[in-house]
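Q: So I've got this file, final39.cif, and it contains mmCIF, C-alpha atoms and all ligand atoms:
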data_data
#
loop_
_atom_site.label_atom_id
_atom_site.label_comp_id
_atom_site.auth_asym_id
_atom_site.auth_seq_id
_atom_site.Cartn_x
_atom_site.Cartn_y
_atom_site.Cartn_z
CA MET V 1 -45.48 -39.60 218.95
CA SER V 2 -46.64 -39.46 215.39
CA GLU V 3 -48.02 -42.39 213.44
CA ASN V 4 -45.50 -44.61 211.72
CA LYS V 5 -45.37 -44.39 207.97
CA GLU V 6 -45.25 -47.76 206.22
CA ILE V 7 -43.09 -48.07 203.12
CA GLU V 8 -43.70 -51.08 200.94
CA ILE V 9 -40.53 -52.89 199.85
CA MET V 10 -41.35 -56.46 198.76
CA GLN V 11 -37.73 -57.12 197.94
CA SER V 12 -36.17 -60.53 198.09
CA VAL V 13 -33.09 -60.49 200.27
CA TYR V 14 -31.29 -62.99 198.04
CA ASP V 15 -31.03 -60.30 195.39
CA LYS V 16 -27.32 -59.61 195.54
CA ASN V 17 -26.28 -63.26 195.43
CA ASP V 18 -28.69 -64.05 192.61
CA GLN V 19 -27.59 -61.03 190.57
CA VAL V 20 -23.95 -62.05 190.78
CA ALA V 21 -24.92 -65.66 190.04
CA SER V 22 -26.65 -64.74 186.80
CA GLN V 23 -23.70 -62.58 185.73
CA ILE V 24 -21.33 -65.49 186.33
CA ASN V 25 -23.66 -67.82 184.48
CA ALA V 26 -23.83 -65.53 181.45
CA SER V 27 -20.08 -65.07 181.40
CA LEU V 28 -19.45 -68.83 181.62
CA THR V 29 -21.98 -69.51 178.89
CA SER V 30 -20.26 -67.05 176.57
CA LYS V 31 -16.97 -68.86 177.20
CA GLY V 32 -18.50 -72.23 176.38
CA ILE V 33 -18.26 -73.45 179.95
CA TYR V 34 -20.96 -75.70 181.36
CA ALA V 35 -20.87 -75.30 185.15
CA ILE V 36 -22.04 -77.98 187.55
CA ASN V 37 -22.69 -77.31 191.21
CA VAL V 38 -21.79 -80.55 193.01
CA MET V 39 -23.76 -80.98 196.22
CA GLY V 40 -23.96 -83.69 198.85
CA ALA V 41 -23.52 -84.51 202.52
CA PRO V 42 -20.00 -84.65 203.99
CA GLY V 43 -18.30 -87.78 202.72
CA ALA V 44 -20.99 -88.62 200.17
CA GLY V 45 -18.28 -89.11 197.57
CA LYS V 46 -18.26 -85.77 195.78
CA THR V 47 -14.51 -85.74 195.27
CA THR V 48 -14.37 -89.49 194.52
CA SER V 49 -17.13 -89.11 191.93
CA LEU V 50 -15.46 -86.10 190.33
CA ILE V 51 -12.32 -88.13 189.80
CA GLN V 52 -14.34 -90.98 188.26
CA ILE V 53 -16.21 -88.59 185.99
CA ILE V 54 -13.18 -86.56 184.91
CA LYS V 55 -11.23 -89.71 184.10
CA ARG V 56 -13.96 -90.58 181.60
CA LEU V 57 -14.47 -87.12 180.15
CA THR V 58 -11.89 -87.53 177.44
CA ASP V 59 -13.22 -85.20 174.75
CA VAL V 60 -14.18 -82.37 177.04
CA THR V 61 -11.81 -80.29 179.17
CA SER V 62 -12.57 -80.39 182.88
CA TYR V 63 -11.98 -77.67 185.42
CA VAL V 64 -12.59 -77.89 189.14
CA ILE V 65 -13.30 -75.37 191.85
CA GLU V 66 -12.94 -77.10 195.15
CA GLY V 67 -14.98 -75.47 197.88
CA ASP V 68 -13.86 -77.46 200.82
CA ILE V 69 -13.45 -75.95 204.24
CA GLU V 70 -9.97 -77.43 204.20
CA ALA V 71 -7.94 -78.60 201.23
CA ASP V 72 -8.48 -82.33 200.92
CA PHE V 73 -8.75 -82.72 197.19
CA ASP V 74 -6.26 -85.17 195.86
CA THR V 75 -4.26 -82.67 193.88
CA LYS V 76 -1.83 -85.26 192.55
CA THR V 77 -4.61 -87.41 191.17
CA LEU V 78 -6.12 -84.32 189.62
CA GLN V 79 -2.87 -83.19 188.11
CA SER V 80 -2.22 -86.63 186.71
CA LEU V 81 -5.60 -86.30 185.04
CA GLY V 82 -4.51 -82.97 183.63
CA VAL V 83 -7.21 -81.00 185.38
CA LYS V 84 -6.99 -77.32 186.03
CA ALA V 85 -8.19 -76.97 189.60
CA ILE V 86 -8.44 -74.26 192.16
CA GLN V 87 -9.14 -74.43 195.86
CA ILE V 88 -11.19 -71.80 197.55
CA ASN V 89 -10.83 -71.21 201.17
CA THR V 90 -14.24 -70.90 202.74
CA GLY V 91 -13.07 -70.75 206.32
CA GLY V 92 -15.91 -72.71 207.86
CA ALA V 93 -18.81 -71.42 205.77
CA CYS V 94 -21.76 -73.75 205.26
CA HIS V 95 -22.15 -73.11 201.53
CA LEU V 96 -20.46 -71.37 198.60
CA ASP V 97 -21.87 -68.10 197.39
CA SER V 98 -21.56 -66.37 194.06
CA PRO V 99 -19.05 -63.59 194.90
CA LEU V 100 -16.58 -66.32 195.96
CA ILE V 101 -17.16 -68.20 192.72
CA GLY V 102 -16.88 -65.04 190.65
CA GLU V 103 -13.36 -64.44 191.92
CA ALA V 104 -12.33 -68.06 191.40
CA VAL V 105 -13.69 -68.10 187.86
CA ASP V 106 -11.71 -64.98 186.98
CA GLU V 107 -8.60 -66.52 188.43
CA LEU V 108 -9.03 -69.78 186.51
CA ASN V 109 -9.33 -67.98 183.16
CA ILE V 110 -11.02 -70.83 181.34
CA SER V 111 -12.96 -71.60 178.19
CA ASP V 112 -14.71 -74.48 176.44
CA GLY V 113 -15.30 -77.30 178.85
CA VAL V 114 -17.01 -78.37 182.03
CA LEU V 115 -16.50 -76.61 185.33
CA PHE V 116 -17.24 -78.69 188.40
CA ILE V 117 -17.75 -76.73 191.57
CA GLU V 118 -17.58 -78.98 194.61
CA ASN V 119 -19.74 -77.32 197.22
CA ILE V 120 -19.34 -77.65 200.97
CA GLY V 121 -20.46 -81.02 202.34
CA ASN V 122 -23.94 -80.11 203.50
CA LEU V 123 -27.40 -81.22 202.37
CA VAL V 124 -29.20 -78.06 203.35
CA CYS V 125 -27.55 -74.74 202.57
CA PRO V 126 -25.90 -75.32 199.16
CA ALA V 127 -29.27 -76.05 197.55
CA GLU V 128 -30.50 -72.58 198.44
CA PHE V 129 -27.79 -70.54 196.80
CA MET V 130 -27.22 -70.24 193.08
CA ILE V 131 -23.55 -69.82 192.28
CA GLY V 132 -23.69 -69.34 188.53
CA GLU V 133 -24.16 -73.01 187.66
CA HIS V 134 -26.01 -74.45 184.70
CA ALA V 135 -26.92 -77.58 186.62
CA LYS V 136 -26.92 -78.99 190.11
CA MET V 137 -25.60 -82.50 190.58
CA LEU V 138 -26.65 -84.06 193.86
CA ILE V 139 -24.74 -86.98 195.29
CA SER V 140 -26.78 -89.04 197.71
CA THR V 141 -25.60 -92.35 199.10
CA VAL V 142 -27.18 -95.63 200.11
CA THR V 143 -25.45 -95.35 203.49
CA GLU V 144 -27.26 -92.11 204.31
CA GLY V 145 -30.57 -93.97 204.16
CA SER V 146 -33.59 -93.97 201.90
CA ASP V 147 -35.42 -91.26 203.82
CA LYS V 148 -33.16 -88.43 202.66
CA PRO V 149 -35.57 -86.96 200.07
CA TYR V 150 -38.15 -86.62 202.83
CA LYS V 151 -35.77 -84.94 205.24
CA TYR V 152 -33.90 -82.73 202.80
CA PRO V 153 -36.50 -82.06 200.11
CA LEU V 154 -34.98 -78.91 198.68
CA ALA V 155 -31.73 -80.54 197.59
CA PHE V 156 -33.68 -83.21 195.71
CA GLU V 157 -36.16 -80.71 194.31
CA LYS V 158 -33.46 -78.48 192.86
CA ALA V 159 -31.17 -81.18 191.48
CA ASP V 160 -30.83 -81.66 187.71
CA LEU V 161 -28.93 -84.90 188.06
CA ILE V 162 -28.88 -87.27 191.04
CA LEU V 163 -26.17 -89.83 191.70
CA LEU V 164 -26.92 -92.59 194.17
CA ASN V 165 -23.43 -93.47 195.31
CA LYS V 166 -21.83 -96.27 197.33
CA CYS V 167 -24.04 -98.87 195.66
CA ASP V 168 -21.29 -101.44 196.31
CA LEU V 169 -22.47 -101.33 199.94
CA LEU V 170 -26.08 -102.25 199.16
CA PRO V 171 -25.66 -105.90 200.27
CA TYR V 172 -24.66 -104.75 203.75
CA ILE V 173 -27.38 -102.27 204.53
CA ASP V 174 -31.14 -101.85 204.41
CA PHE V 175 -31.76 -99.33 201.73
CA ASP V 176 -35.36 -99.12 200.54
CA GLU V 177 -34.91 -98.05 196.94
CA ASP V 178 -38.66 -97.82 196.22
CA PHE V 179 -39.18 -95.50 199.17
CA PHE V 180 -36.19 -93.42 198.08
CA MET V 181 -37.39 -93.15 194.47
CA LYS V 182 -40.96 -92.36 195.52
CA GLY V 183 -39.65 -89.42 197.52
CA VAL V 184 -37.37 -88.25 194.74
CA ARG V 185 -40.12 -88.40 192.13
CA ALA V 186 -42.62 -86.50 194.26
CA LEU V 187 -40.12 -83.66 194.41
CA ASN V 188 -38.50 -83.94 191.03
CA GLN V 189 -39.96 -85.61 187.95
CA THR V 190 -37.14 -84.91 185.53
CA ALA V 191 -33.70 -85.42 187.07
CA PRO V 192 -32.14 -88.75 186.08
CA VAL V 193 -31.15 -90.88 189.07
CA ILE V 194 -28.01 -92.86 188.32
CA LYS V 195 -26.69 -95.60 190.59
CA VAL V 196 -22.92 -95.44 190.93
CA SER V 197 -20.08 -96.69 193.04
CA GLY V 198 -16.87 -94.79 193.50
CA LYS V 199 -15.35 -98.05 194.65
CA THR V 200 -16.28 -100.42 191.80
CA GLU V 201 -16.52 -97.49 189.34
CA GLU V 202 -19.89 -98.70 188.05
CA GLY V 203 -22.44 -96.29 186.60
CA TYR V 204 -20.26 -93.33 185.74
CA GLU V 205 -20.50 -93.81 181.95
CA LYS V 206 -24.12 -92.72 182.11
CA VAL V 207 -23.19 -89.68 184.18
CA VAL V 208 -20.55 -88.71 181.66
CA GLU V 209 -23.00 -89.16 178.78
CA TRP V 210 -25.40 -86.74 180.43
CA ILE V 211 -22.66 -84.16 181.05
CA VAL V 212 -21.26 -84.37 177.53
CA GLU V 213 -24.70 -83.95 176.00
CA LYS V 214 -25.44 -80.87 178.12
CA THR V 215 -22.06 -79.34 177.41
CA ARG V 216 -22.39 -79.88 173.68
CA SER V 217 -25.82 -78.31 173.54
CA LEU V 218 -24.52 -75.27 175.44
CA GLN V 219 -21.63 -74.83 173.04
CA LYS V 220 -23.83 -75.08 169.95
CA MET B 221 -24.71 -69.71 210.53
CA HIS B 222 -25.19 -67.95 207.18
CA GLU B 223 -27.78 -65.68 208.79
CA TYR B 224 -25.12 -63.13 209.74
CA PRO B 225 -24.48 -61.71 206.25
CA ILE B 226 -28.16 -61.87 205.32
CA THR B 227 -29.08 -59.93 208.45
CA GLN B 228 -26.54 -57.30 207.42
CA ARG B 229 -28.23 -57.16 204.02
CA ILE B 230 -31.67 -56.72 205.60
CA ILE B 231 -30.41 -53.81 207.65
CA GLU B 232 -28.74 -52.30 204.57
CA ILE B 233 -31.88 -52.53 202.44
CA ALA B 234 -34.08 -51.11 205.20
CA GLY B 235 -31.59 -48.25 205.67
CA GLU B 236 -31.55 -47.48 201.94
CA TYR B 237 -35.34 -47.25 201.81
CA ALA B 238 -35.44 -45.06 204.91
CA GLU B 239 -32.94 -42.69 203.35
CA LYS B 240 -34.85 -42.57 200.07
CA ASN B 241 -37.88 -41.57 202.08
CA HIS B 242 -36.00 -38.98 204.10
CA ALA B 243 -36.51 -40.83 207.35
CA GLU B 244 -33.78 -40.84 209.95
CA GLU B 245 -34.72 -44.04 211.61
CA VAL B 246 -36.48 -47.28 210.89
CA LYS B 247 -39.06 -48.18 213.50
CA VAL B 248 -40.26 -51.56 212.30
CA ILE B 249 -39.04 -54.02 209.68
CA HIS B 250 -41.60 -56.49 208.36
CA LEU B 251 -39.85 -59.60 207.15
CA VAL B 252 -41.48 -62.68 205.59
CA VAL B 253 -39.57 -65.91 206.18
CA GLY B 254 -40.72 -69.24 204.79
CA ASP B 255 -39.74 -72.27 206.88
CA THR B 256 -37.83 -73.83 203.97
CA CYS B 257 -36.15 -70.69 202.67
CA GLY B 258 -32.90 -71.71 204.32
CA TYR B 259 -32.76 -68.94 206.87
CA VAL B 260 -33.66 -69.49 210.48
CA ALA B 261 -35.87 -66.72 211.81
CA SER B 262 -34.56 -66.98 215.36
CA SER B 263 -30.95 -66.67 214.19
CA ILE B 264 -31.79 -63.50 212.29
CA GLU B 265 -33.34 -62.10 215.45
CA LEU B 266 -30.27 -63.06 217.39
CA TYR B 267 -27.90 -61.18 215.09
CA PHE B 268 -30.18 -58.26 214.43
CA ASP B 269 -29.50 -56.12 217.49
CA ILE B 270 -25.74 -56.54 217.25
CA ILE B 271 -25.57 -55.65 213.58
CA ALA B 272 -28.12 -52.85 213.75
CA GLU B 273 -26.12 -50.92 216.33
CA GLY B 274 -25.04 -47.57 214.97
CA THR B 275 -27.31 -47.81 211.91
CA PRO B 276 -30.71 -46.22 211.19
CA CYS B 277 -32.18 -49.59 212.22
CA GLU B 278 -30.70 -49.46 215.71
CA LYS B 279 -34.06 -49.05 217.42
CA ALA B 280 -36.07 -50.96 214.87
CA LYS B 281 -38.36 -53.78 215.88
CA LEU B 282 -37.97 -56.82 213.72
CA HIS B 283 -41.34 -58.30 212.87
CA ILE B 284 -41.02 -61.72 211.28
CA LYS B 285 -43.94 -63.46 209.62
CA ARG B 286 -43.19 -67.15 209.19
CA VAL B 287 -44.75 -69.23 206.44
CA THR B 288 -45.38 -72.97 206.72
CA PRO B 289 -44.55 -74.86 203.50
CA GLU B 290 -47.45 -76.25 201.51
CA LEU B 291 -47.50 -78.87 198.79
CA LYS B 292 -49.93 -79.01 195.90
CA CYS B 293 -51.56 -82.32 195.08
CA SER B 294 -50.84 -83.44 191.52
CA ALA B 295 -54.18 -85.27 191.41
CA CYS B 296 -56.78 -83.02 193.06
CA GLY B 297 -54.86 -79.75 193.05
CA LYS B 298 -55.43 -78.95 196.72
CA LEU B 299 -52.77 -77.35 198.86
CA PHE B 300 -51.75 -79.12 202.05
CA VAL B 301 -49.12 -79.21 204.77
CA ARG B 302 -47.21 -82.45 204.58
CA LYS B 303 -46.68 -85.06 207.28
CA PRO B 304 -43.17 -86.39 207.97
CA PHE B 305 -41.81 -89.04 205.57
CA THR B 306 -44.58 -88.74 203.06
CA PHE B 307 -45.72 -86.40 200.30
CA GLU B 308 -49.18 -87.97 200.15
CA CYS B 309 -52.25 -85.77 199.80
CA PRO B 310 -54.51 -86.08 202.88
CA PHE B 311 -57.61 -85.49 200.72
CA CYS B 312 -57.22 -87.99 197.89
CA LYS B 313 -53.95 -89.89 198.56
CA GLY B 314 -52.46 -88.32 195.41
CA GLU B 315 -48.88 -87.15 195.34
CA GLY B 316 -47.95 -83.66 196.51
CA ARG B 317 -45.54 -81.49 194.58
CA PRO B 318 -43.42 -78.66 195.99
CA THR B 319 -44.69 -75.10 195.68
CA GLU B 320 -43.21 -71.69 196.36
CA ILE B 321 -45.19 -71.52 199.59
CA GLY B 322 -42.67 -71.78 202.42
CA GLN B 323 -39.69 -70.64 200.36
CA GLU B 324 -40.38 -66.90 200.76
CA PHE B 325 -37.69 -64.63 202.03
CA TYR B 326 -38.32 -60.95 201.56
CA ILE B 327 -38.69 -57.62 203.25
CA LYS B 328 -42.36 -56.77 202.98
CA SER B 329 -42.14 -53.24 204.28
CA ILE B 330 -40.62 -50.94 206.83
CA GLU B 331 -42.20 -48.41 209.13
CA VAL B 332 -40.44 -45.11 209.63
N1 LIG A 1 -17.44 -98.13 199.69
C1 LIG A 1 -17.46 -96.97 199.07
N2 LIG A 1 -16.78 -95.92 199.56
C2 LIG A 1 -16.81 -94.76 198.90
C3 LIG A 1 -17.54 -94.59 197.70
N3 LIG A 1 -17.39 -93.32 197.27
C4 LIG A 1 -16.62 -92.70 198.17
N4 LIG A 1 -16.24 -93.55 199.15
C5 LIG A 1 -15.40 -93.26 200.31
O1 LIG A 1 -16.07 -92.30 201.10
C6 LIG A 1 -15.14 -91.40 201.69
C7 LIG A 1 -15.49 -89.97 201.37
O2 LIG A 1 -15.35 -89.73 199.99
P1 LIG A 1 -15.07 -88.29 199.39
O3 LIG A 1 -15.04 -88.44 197.91
O4 LIG A 1 -13.89 -87.67 200.03
O5 LIG A 1 -16.38 -87.54 199.83
P2 LIG A 1 -16.72 -85.98 199.71
O6 LIG A 1 -18.19 -85.91 199.46
O7 LIG A 1 -15.83 -85.34 198.71
O8 LIG A 1 -16.38 -85.48 201.17
P3 LIG A 1 -16.26 -83.97 201.71
O9 LIG A 1 -15.64 -83.16 200.60
O10 LIG A 1 -15.39 -84.07 202.90
O11 LIG A 1 -17.65 -83.54 202.05
C8 LIG A 1 -13.78 -91.82 201.18
O12 LIG A 1 -13.17 -92.62 202.15
C9 LIG A 1 -14.11 -92.61 199.93
O13 LIG A 1 -13.13 -93.59 199.64
C10 LIG A 1 -18.26 -95.73 197.20
O14 LIG A 1 -18.94 -95.69 196.17
N5 LIG A 1 -18.18 -96.86 197.93
MG MG A 2 -14.58 -83.58 198.89
ZN ZN A 3 -55.20 -84.67 196.35
#
Here is the file; what I need is its structure written in the form of structure tokens.
Ligand SMILES: Nc1nc2c(ncn2[C@@H]2O[C@H](COP(=O)(O)OP(=O)(O)OP(=O)(O)O)[C@@H](O)[C@H]2O)c(=O)[nH]1
Ligand SMILES: [Mg+2]
Ligand SMILES: [Zn+2]
A:
Amino acid sequence: MSENKEIEIMQSVYDKNDQVASQINASLTSKGIYAINVMGAPGAGKTTSLIQIIKRLTDVTSYVIEGDIEADFDTKTLQSLGVKAIQINTGGACHLDSPLIGEAVDELNISDGVLFIENIGNLVCPAEFMIGEHAKMLISTVTEGSDKPYKYPLAFEKADLILLNKCDLLPYIDFDEDFFMKGVRALNQTAPVIKVSGKTEEGYEKVVEWIVEKTRSLQK
Amino acid sequence: MHEYPITQRIIEIAGEYAEKNHAEEVKVIHLVVGDTCGYVASSIELYFDIIAEGTPCEKAKLHIKRVTPELKCSACGKLFVRKPFTFECPFCKGEGRPTEIGQEFYIKSIEV
């Protein structure tokens, strides 16, 4: 048998996803759409927080792509808020990828506003895949525990905005906020961490401020 | 579970390079997989044989080099492997920051 010949490749295998992601991102930017990839564990309050945020986003049009495994988004609430929303069927996938988002974006036919993409409830996989977003919003909760940055560093590292949700439950649980923040700041020095509660509705004004500012600077 | 499509992609890329180099079959694929890249090396191995069937990679050996993540200390600049539940530098107690080391995921080369 002859010697093997080695061919150097050095090619990242993410290529295809990332290529599509940057195309989507460019297309959204040209339409004046600021896209936010909403990540968090199952039940962290992604949908609840979206409703709270959208309610307060009065001057900016909101759009939603709902990436749940099964449709659970409160469509009526959404419609009453006047939101254009679309559900994508992921059939059990652990994260959204950019070809799926590309199709949904075409279908939505949108311009000038904020597009929220609710990713699959999962703290691991969504952080690894760009889907054309301008920012990643991570929703962590006090009930998940203060060690989450240490166990799921990538999600915290990649986030541009972090919501600490379910703060209404703080009196009932042991959540070490200093330990949590120490972990977050080791991984990420810039993302604002905003304490919110989907139940008492506290904290969302600040979230909305951040989103409006980003959207305005994109549209300039 | 998302290793299935990525394994398909690995086999595709390896096949494309083999064809470009006028080789009929791929004998070895050298893959570099960081432990925090999001793909589990053993799952890729598991899918590989099934997906490679009937392709130029059918008989290929998959050689995976794993990379342990390292942090870089923001105080002393040294690289280190972190201990659970802390990002503290073992040399100076400074704070470690994430690096690209451990996030690799690429095909280094193939042998034909
Ligand atoms: N007490 C309390 N409950 C909350 C809060 N936010 C959300 N919940 C509850 O938590 C549950 C899950 O909320 P969702 O908004 O559906 O969470 P999600 O992240 O969209 O869930 P998946 O899409 O299934 O991953 C619901 O029962 C909410 O009412 C909060 O701030 N405080
Ligand atoms: Mg939801
Ligand atoms: Zn140090």
Q: Considering all atoms listed in the file, extract the chain B residues located within 9 Å of chain V and return them as a VMD selection string.
A: chain B and resid 221 to 222 226 229 to 230 233 to 234 237 to 238 241 247 to 248 256 to 259 304 to 308 315 to 318 324 to 332
Q: Hey, which residues sit close to ligand ZN 3 (chain A)? Say within 10 Å, counting only C-alpha atoms and all ligand atoms, and write them as a short mmCIF file (atom, residue, chain, number, x, y, z; two decimals) with C-alpha atoms, keeping the file's coordinate frame.
A:
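Wrote out02.cif, looks like this:
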data_model
loop_
_atom_site.label_atom_id
_atom_site.label_comp_id
_atom_site.auth_asym_id
_atom_site.auth_seq_id
_atom_site.Cartn_x
_atom_site.Cartn_y
_atom_site.Cartn_z
CA LEU B 291 -47.50 -78.87 198.79
CA LYS B 292 -49.93 -79.01 195.90
CA CYS B 293 -51.56 -82.32 195.08
CA SER B 294 -50.84 -83.44 191.52
CA ALA B 295 -54.18 -85.27 191.41
CA CYS B 296 -56.78 -83.02 193.06
CA GLY B 297 -54.86 -79.75 193.05
CA LYS B 298 -55.43 -78.95 196.72
CA LEU B 299 -52.77 -77.35 198.86
CA PHE B 300 -51.75 -79.12 202.05
CA GLU B 308 -49.18 -87.97 200.15
CA CYS B 309 -52.25 -85.77 199.80
CA PRO B 310 -54.51 -86.08 202.88
CA PHE B 311 -57.61 -85.49 200.72
CA CYS B 312 -57.22 -87.99 197.89
CA LYS B 313 -53.95 -89.89 198.56
CA GLY B 314 -52.46 -88.32 195.41
CA GLU B 315 -48.88 -87.15 195.34
CA GLY B 316 -47.95 -83.66 196.51
#
Q: Atom CA of B:Leu266 and atom CA of B:Gly254 are how many Å apart?
A: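 So the answer is 17.5 Å.
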Q: Given a cut-off of 12 Å, what residues near ligand MG 2 (chain A) show up using all atoms listed in the file, put as a PyMOL selection string?
A: chain V and resi 38-51+64-75+87+116-122+139
Q: Excluding same-chain residues fewer than 6 positions from stretch 191-193 of chain V, what lies within 6 Å of it counting only C-alpha atoms, as an MDAnalysis selection string?
A: chainID V and resid 160:163
Q: Restricting the calculation to all atoms listed in the file, which member of B:Gln228, B:Val260, B:Gln323, B:Val287 is positioned closest to B:Thr275?
A: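 For B:Thr275, the nearest of the given residues is B:Gln228.
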Q: Using all atoms of ligand LIG 1 (chain A) listed in the file and a margin of 4 Å per side, can you give the axis-aligned box centre and edge lengths in Å to one decimal, as AutoDock Vina command-line options?
A:
--center_x -16.0 --center_y -90.6 --center_z 199.5 --size_x 13.8 --size_y 23.0 --size_z 14.7
Q: With distances taken over all atoms listed in the file, which of V:Leu81, V:Val60, V:Leu108, V:Met130 is nearest to V:Asp18?
A: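 When distances to V:Asp18 are compared using all atoms listed in the file, the smallest one comes from V:Met130.
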Q: Which residue out of V:Pro99, V:Gly113, V:Gly91, V:Gly203 has the minimum interatomic distance to ligand LIG 1 (chain A) when all atoms listed in the file are used?
A: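 Residue with the minimum atom-to-atom distance to ligand LIG 1 (chain A): V:Gly203.
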Q: Taking into account all atoms listed in the file, which residue in the set V:Leu57, V:Leu96, V:Ile110, V:Val196 is nearest to V:Thr141?
A: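 Ranked by minimum distance to V:Thr141, first place goes to V:Val196.
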Q: Just to confirm, what's the straight-line distance from atom CA of V:Gly132 to atom CA of V:Gly102 in Å (one decimal)?
A: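 Atom-to-atom, atom CA of V:Gly132 and atom CA of V:Gly102 are spaced 8.3 Å apart.
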Q: Mind giving me the straight-line distance from atom CA of V:Lys55 to atom CA of V:Leu78 in Å, one decimal?
A: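 Rounded to one decimal, the two atoms are 9.3 Å apart.
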Q: B:Arg286: which residues within 9 Å, counting all atoms listed in the file, same-chain residues fewer than 6 positions away excluded, as a list in words?
A: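 Once the adjacent positions are removed, what remains is Leu251, Val252, Val253, Gly254, Asp255, Ala261, Gly322 and Glu324 of chain B.
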Q: For a quick check of your reading of the model, name the residues lying within 7 Å of the coordinate (-23.7, -78.5, 191.2), counting all atoms listed in the file, and write them as a PDB file with C-alpha atoms, in the frame of the given file.
A:
ATOM      1  CA  ILE V  36     -22.040 -77.980 187.550  1.00  0.00           C
ATOM      2  CA  ASN V  37     -22.690 -77.310 191.210  1.00  0.00           C
ATOM      3  CA  VAL V  38     -21.790 -80.550 193.010  1.00  0.00           C
ATOM      4  CA  MET V  39     -23.760 -80.980 196.220  1.00  0.00           C
ATOM      5  CA  ILE V 117     -17.750 -76.730 191.570  1.00  0.00           C
ATOM      6  CA  GLU V 133     -24.160 -73.010 187.660  1.00  0.00           C
ATOM      7  CA  ALA V 135     -26.920 -77.580 186.620  1.00  0.00           C
ATOM      8  CA  LYS V 136     -26.920 -78.990 190.110  1.00  0.00           C
ATOM      9  CA  MET V 137     -25.600 -82.500 190.580  1.00  0.00           C
ATOM     10  CA  LEU V 138     -26.650 -84.060 193.860  1.00  0.00           C
TER      11      LEU V 138
END
Q: Which one of V:Leu169, V:Ile54, V:Val207, V:Ile194 sits closest to ligand LIG 1 (chain A) if you count only C-alpha atoms and all ligand atoms?
A: V:Leu169
Q: Check the smallest atom-to-atom distance from each of V:Thr61, V:Thr190, V:Thr215, V:Asn165 to ligand LIG 1 (chain A) using only C-alpha atoms and all ligand atoms, then report the winner.
A: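 Checking each candidate against ligand LIG 1 (chain A), we get V:Asn165 as the closest.
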Q: For V:Val208, find every residue with an atom within 9 Å (counting only C-alpha atoms), except residues of its own chain fewer than 4 positions away, and show them as a ChimeraX atom specification.
A: /V:53-54,56-57,204,212-213
